[in-house]
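J.: Got a structure for you, questions after.
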Amino acid sequence: MVTHIVDSNYHIFSPPQAAAAKVLGLMCGASPPLATIAVESGAVQSLIVVLSNVRHSPSQQHAARTLSYLVNMFTEVHSTLQECLGADLLEEFLKSPEDIHKKLTPTQLDKLISNNTQVMLQHNSSEDEDPILKTTGEITVQ
């Protein structure tokens with residue numbers, strides 16, 4: 001059984017990609033510290049690339065929902081998406097994230113696919129330690 005297919009643009013067209021974007025969104029929505037860790041670990045860049053996956057709209061939709069949450073939480077993510085999508089398309093994205101994949105042009109898709117922007121979050125000196133690791137010593141997945 002084939003679980004995924006990779007094309008020349010290095011996209012993975014599979015339910016696991018959609019599931020990963022969905023789970024990431026759920027985790028970020030449930031825990032702002034986990035959202036911070038995800039952004040700092042490069043999740044935004046990956047979600048932007050998933051948004052360009054025209055062969056698997058569920059992946060695009062879940063990536064868009066997660067990005068929407070992160071855009072509202074972090075101004076740096078907002079700035080990054082504005083750079084990738086442009087001001088007009090970002091406005092459309094903010095109104096209806098799940099439908100943005102229907103409005104992307106081939107030029108915009110190419111820009112998303114080639115995205116290599118890293119989001120750098122601003123920190124206060126009191127935020128230098130990871131609050132999850134500081135309080136628990138480890139992250140436990142149940």
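Ligands are numbered from 1 in the order shown, residues from 1 within each chain, and chains are lettered A, B, ... in the order they appear in the structure tokens.
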Skipping near chain neighbours, those fewer than 6 positions away, what residues fall within 10 Å of Ser114 of chain A using only C-alpha atoms, listed as number ranges by chain?
T.: A: 9, 45, 48-49, 52, 84, 108
J.: Could those selected residues go to a file with all heavy atoms, as a PDB file, in the first residue's frame?
T.:
ATOM      1  N   ASN A   9       8.521  18.527  -7.168  1.00  0.00           N
ATOM      2  CA  ASN A   9       8.592  19.695  -6.294  1.00  0.00           C
ATOM      3  C   ASN A   9       8.706  19.308  -4.828  1.00  0.00           C
ATOM      4  O   ASN A   9       8.568  20.143  -3.950  1.00  0.00           O
ATOM      5  CB  ASN A   9       7.360  20.591  -6.482  1.00  0.00           C
ATOM      6  CG  ASN A   9       7.376  21.290  -7.817  1.00  0.00           C
ATOM      7  OD1 ASN A   9       8.430  21.682  -8.287  1.00  0.00           O
ATOM      8  ND2 ASN A   9       6.220  21.420  -8.420  1.00  0.00           N
ATOM      9  N   GLN A  45       7.397  27.858   7.943  1.00  0.00           N
ATOM     10  CA  GLN A  45       7.945  27.620   6.613  1.00  0.00           C
ATOM     11  C   GLN A  45       7.334  26.358   6.000  1.00  0.00           C
ATOM     12  O   GLN A  45       6.917  26.356   4.842  1.00  0.00           O
ATOM     13  CB  GLN A  45       9.458  27.493   6.676  1.00  0.00           C
ATOM     14  CG  GLN A  45      10.080  27.178   5.325  1.00  0.00           C
ATOM     15  CD  GLN A  45      11.572  26.911   5.419  1.00  0.00           C
ATOM     16  OE1 GLN A  45      12.136  26.784   6.506  1.00  0.00           O
ATOM     17  NE2 GLN A  45      12.209  26.809   4.277  1.00  0.00           N
ATOM     18  N   ILE A  48       3.658  26.895   5.043  1.00  0.00           N
ATOM     19  CA  ILE A  48       3.531  27.709   3.830  1.00  0.00           C
ATOM     20  C   ILE A  48       3.729  26.837   2.598  1.00  0.00           C
ATOM     21  O   ILE A  48       2.996  26.955   1.616  1.00  0.00           O
ATOM     22  CB  ILE A  48       4.522  28.892   3.858  1.00  0.00           C
ATOM     23  CG1 ILE A  48       4.077  29.911   4.915  1.00  0.00           C
ATOM     24  CG2 ILE A  48       4.638  29.548   2.489  1.00  0.00           C
ATOM     25  CD1 ILE A  48       5.081  31.015   5.192  1.00  0.00           C
ATOM     26  N   VAL A  49       4.691  25.939   2.644  1.00  0.00           N
ATOM     27  CA  VAL A  49       4.918  25.032   1.517  1.00  0.00           C
ATOM     28  C   VAL A  49       3.725  24.090   1.356  1.00  0.00           C
ATOM     29  O   VAL A  49       3.266  23.836   0.238  1.00  0.00           O
ATOM     30  CB  VAL A  49       6.248  24.259   1.676  1.00  0.00           C
ATOM     31  CG1 VAL A  49       6.393  23.200   0.600  1.00  0.00           C
ATOM     32  CG2 VAL A  49       7.422  25.229   1.623  1.00  0.00           C
ATOM     33  N   SER A  52       0.826  25.223  -0.641  1.00  0.00           N
ATOM     34  CA  SER A  52       0.949  25.161  -2.106  1.00  0.00           C
ATOM     35  C   SER A  52       0.681  23.769  -2.677  1.00  0.00           C
ATOM     36  O   SER A  52       0.763  23.574  -3.884  1.00  0.00           O
ATOM     37  CB  SER A  52       2.344  25.615  -2.526  1.00  0.00           C
ATOM     38  OG  SER A  52       3.315  24.661  -2.139  1.00  0.00           O
ATOM     39  N   CYS A  84       4.975  36.656   1.732  1.00  0.00           N
ATOM     40  CA  CYS A  84       4.764  35.537   0.804  1.00  0.00           C
ATOM     41  C   CYS A  84       3.533  35.713  -0.075  1.00  0.00           C
ATOM     42  O   CYS A  84       3.557  35.390  -1.256  1.00  0.00           O
ATOM     43  CB  CYS A  84       4.623  34.229   1.575  1.00  0.00           C
ATOM     44  SG  CYS A  84       6.146  33.655   2.294  1.00  0.00           S
ATOM     45  N   GLN A 108       1.812  32.642  -7.459  1.00  0.00           N
ATOM     46  CA  GLN A 108       1.787  32.622  -5.995  1.00  0.00           C
ATOM     47  C   GLN A 108       2.165  31.241  -5.470  1.00  0.00           C
ATOM     48  O   GLN A 108       2.874  31.128  -4.472  1.00  0.00           O
ATOM     49  CB  GLN A 108       0.409  33.038  -5.481  1.00  0.00           C
ATOM     50  CG  GLN A 108       0.116  34.500  -5.735  1.00  0.00           C
ATOM     51  CD  GLN A 108      -1.359  34.838  -5.601  1.00  0.00           C
ATOM     52  OE1 GLN A 108      -2.224  34.012  -5.886  1.00  0.00           O
ATOM     53  NE2 GLN A 108      -1.635  36.063  -5.184  1.00  0.00           N
TER      54      GLN A 108
END
J.: Can you pull out every residue within 10 Å of Lys102 of chain A, counting only C-alpha atoms, but drop anything in the same chain fewer than 3 positions away, and send it as a ChimeraX atom specification?
T.: /A:54,57,60,98-99,105
J.: At a cut-off of 12 Å, using only C-alpha atoms, what residues contact Asn72 of chain A? Leave out same-chain residues fewer than 5 positions from it and give the result as a ChimeraX atom specification.
T.: /A:28-29,32,35,65-67,77-79,81,93-95,97
J.: With N, CA, C and O atoms retained, could you export that selection as a PDB file, in the first residue's frame?
T.:
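Done, and the output landed in result08.pdb:
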ATOM      1  N   CYS A  28      -1.037  23.878  18.833  1.00  0.00           N
ATOM      2  CA  CYS A  28      -0.780  25.317  18.951  1.00  0.00           C
ATOM      3  C   CYS A  28      -1.969  26.036  19.576  1.00  0.00           C
ATOM      4  O   CYS A  28      -1.794  26.958  20.372  1.00  0.00           O
ATOM      5  N   GLY A  29      -3.170  25.612  19.213  1.00  0.00           N
ATOM      6  CA  GLY A  29      -4.365  26.223  19.780  1.00  0.00           C
ATOM      7  C   GLY A  29      -4.540  25.924  21.254  1.00  0.00           C
ATOM      8  O   GLY A  29      -5.051  26.745  22.008  1.00  0.00           O
ATOM      9  N   PRO A  32      -0.131  27.992  23.933  1.00  0.00           N
ATOM     10  CA  PRO A  32       0.727  29.037  23.362  1.00  0.00           C
ATOM     11  C   PRO A  32       2.226  28.730  23.476  1.00  0.00           C
ATOM     12  O   PRO A  32       2.969  29.002  22.526  1.00  0.00           O
ATOM     13  N   ALA A  35       2.966  26.545  20.632  1.00  0.00           N
ATOM     14  CA  ALA A  35       2.915  27.332  19.399  1.00  0.00           C
ATOM     15  C   ALA A  35       4.239  28.063  19.197  1.00  0.00           C
ATOM     16  O   ALA A  35       4.777  28.109  18.086  1.00  0.00           O
ATOM     17  N   ARG A  65      -5.604  26.659   8.272  1.00  0.00           N
ATOM     18  CA  ARG A  65      -6.182  26.877   9.610  1.00  0.00           C
ATOM     19  C   ARG A  65      -5.086  27.092  10.653  1.00  0.00           C
ATOM     20  O   ARG A  65      -5.181  27.975  11.503  1.00  0.00           O
ATOM     21  N   THR A  66      -4.053  26.276  10.580  1.00  0.00           N
ATOM     22  CA  THR A  66      -2.959  26.406  11.539  1.00  0.00           C
ATOM     23  C   THR A  66      -2.230  27.732  11.338  1.00  0.00           C
ATOM     24  O   THR A  66      -1.932  28.438  12.303  1.00  0.00           O
ATOM     25  N   LEU A  67      -1.952  28.079  10.091  1.00  0.00           N
ATOM     26  CA  LEU A  67      -1.314  29.366   9.818  1.00  0.00           C
ATOM     27  C   LEU A  67      -2.177  30.528  10.287  1.00  0.00           C
ATOM     28  O   LEU A  67      -1.659  31.518  10.809  1.00  0.00           O
ATOM     29  N   VAL A  77       4.714  36.133  12.277  1.00  0.00           N
ATOM     30  CA  VAL A  77       4.120  35.213  11.308  1.00  0.00           C
ATOM     31  C   VAL A  77       3.253  36.007  10.331  1.00  0.00           C
ATOM     32  O   VAL A  77       3.270  35.760   9.123  1.00  0.00           O
ATOM     33  N   HIS A  78       2.537  36.987  10.844  1.00  0.00           N
ATOM     34  CA  HIS A  78       1.735  37.865   9.996  1.00  0.00           C
ATOM     35  C   HIS A  78       2.622  38.540   8.952  1.00  0.00           C
ATOM     36  O   HIS A  78       2.306  38.549   7.757  1.00  0.00           O
ATOM     37  N   SER A  79       3.749  39.085   9.383  1.00  0.00           N
ATOM     38  CA  SER A  79       4.674  39.760   8.461  1.00  0.00           C
ATOM     39  C   SER A  79       5.227  38.799   7.417  1.00  0.00           C
ATOM     40  O   SER A  79       5.345  39.148   6.234  1.00  0.00           O
ATOM     41  N   LEU A  81       3.809  35.988   6.286  1.00  0.00           N
ATOM     42  CA  LEU A  81       2.763  35.642   5.315  1.00  0.00           C
ATOM     43  C   LEU A  81       2.466  36.803   4.385  1.00  0.00           C
ATOM     44  O   LEU A  81       2.178  36.593   3.210  1.00  0.00           O
ATOM     45  N   PHE A  93      -6.958  35.784   2.909  1.00  0.00           N
ATOM     46  CA  PHE A  93      -6.603  34.651   3.760  1.00  0.00           C
ATOM     47  C   PHE A  93      -7.187  34.820   5.157  1.00  0.00           C
ATOM     48  O   PHE A  93      -7.759  33.892   5.718  1.00  0.00           O
ATOM     49  N   LEU A  94      -7.052  36.011   5.721  1.00  0.00           N
ATOM     50  CA  LEU A  94      -7.539  36.259   7.077  1.00  0.00           C
ATOM     51  C   LEU A  94      -9.060  36.171   7.164  1.00  0.00           C
ATOM     52  O   LEU A  94      -9.599  35.787   8.199  1.00  0.00           O
ATOM     53  N   LYS A  95      -9.752  36.498   6.067  1.00  0.00           N
ATOM     54  CA  LYS A  95     -11.216  36.397   6.047  1.00  0.00           C
ATOM     55  C   LYS A  95     -11.675  34.945   5.978  1.00  0.00           C
ATOM     56  O   LYS A  95     -12.670  34.573   6.591  1.00  0.00           O
ATOM     57  N   PRO A  97      -9.506  31.446   5.724  1.00  0.00           N
ATOM     58  CA  PRO A  97      -8.292  30.648   5.526  1.00  0.00           C
ATOM     59  C   PRO A  97      -8.508  29.349   4.757  1.00  0.00           C
ATOM     60  O   PRO A  97      -7.677  28.971   3.931  1.00  0.00           O
TER      61      PRO A  97
END
J.: So what do you get for atom CA of His101 of chain A versus atom CA of Gln61 of chain A, distance-wise?
T.: 7.4 Å
J.: Tell me, in Å to one decimal, how far atom CA of His62 of chain A is from atom CA of Gly25 of chain A.
T.: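 We find that atom CA of His62 of chain A and atom CA of Gly25 of chain A lie 7.6 Å from each other.
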J.: Find the distance between atom CA of Leu112 of chain A and atom CA of Pro33 of chain A and write it in Å to one decimal.
T.: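 So the two atoms, atom CA of Leu112 of chain A and atom CA of Pro33 of chain A, lie 26.4 Å apart.
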J.: Need the shell around Leu89 of chain A: protein/DNA/RNA residues with any atom at most 9 Å away, counting only C-alpha atoms. Skip same-chain ones fewer than 3 positions apart. Format as an mmCIF file with N, CA and C atoms, in the first residue's frame?
T.:
data_model
loop_
_atom_site.group_PDB
_atom_site.id
_atom_site.type_symbol
_atom_site.label_atom_id
_atom_site.label_comp_id
_atom_site.auth_asym_id
_atom_site.auth_seq_id
_atom_site.Cartn_x
_atom_site.Cartn_y
_atom_site.Cartn_z
ATOM 1 N N GLN A 82 2.517 38.012 4.901
ATOM 2 C CA GLN A 82 2.286 39.173 4.039
ATOM 3 C C GLN A 82 3.363 39.246 2.961
ATOM 4 N N LEU A 85 2.443 36.187 0.521
ATOM 5 C CA LEU A 85 1.170 36.265 -0.198
ATOM 6 C C LEU A 85 0.884 37.634 -0.786
ATOM 7 N N GLY A 86 1.454 38.671 -0.220
ATOM 8 C CA GLY A 86 1.092 40.033 -0.598
ATOM 9 C C GLY A 86 -0.067 40.504 0.274
ATOM 10 N N GLU A 92 -7.504 38.404 2.145
ATOM 11 C CA GLU A 92 -8.435 37.329 1.776
ATOM 12 C C GLU A 92 -8.218 36.104 2.665
ATOM 13 N N PHE A 93 -6.958 35.784 2.909
ATOM 14 C CA PHE A 93 -6.603 34.651 3.760
ATOM 15 C C PHE A 93 -7.187 34.820 5.157
ATOM 16 N N LEU A 94 -7.052 36.011 5.721
ATOM 17 C CA LEU A 94 -7.539 36.259 7.077
ATOM 18 C C LEU A 94 -9.060 36.171 7.164
ATOM 19 N N ILE A 100 -8.452 29.792 0.849
ATOM 20 C CA ILE A 100 -7.369 30.510 0.176
ATOM 21 C C ILE A 100 -6.730 29.672 -0.932
ATOM 22 N N LYS A 103 -7.815 30.349 -4.415
ATOM 23 C CA LYS A 103 -7.539 31.664 -4.985
ATOM 24 C C LYS A 103 -6.085 31.867 -5.369
ATOM 25 N N LEU A 104 -5.242 30.871 -5.132
ATOM 26 C CA LEU A 104 -3.821 31.019 -5.413
ATOM 27 C C LEU A 104 -3.536 30.857 -6.910
#
J.: For Leu121 of chain A, find every residue with an atom within 12 Å (counting only C-alpha atoms), except residues of its own chain fewer than 5 positions away, and show them as a PyMOL selection string.
T.: chain A and resi 35-42+44+70+73-80+127-128
J.: Hey, which of A:Leu26, A:Leu34, A:Ala43, A:Ala19 ends up closest to Met120 of chain A? Count only C-alpha atoms.
T.: A:Ala43
J.: So, counting only C-alpha atoms, which residue among A:Ala87, A:Ile113, A:Val50, A:Val71 is closest to Pro16 of chain A?
T.: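 Distance minimum relative to Pro16 of chain A lands on A:Val50.
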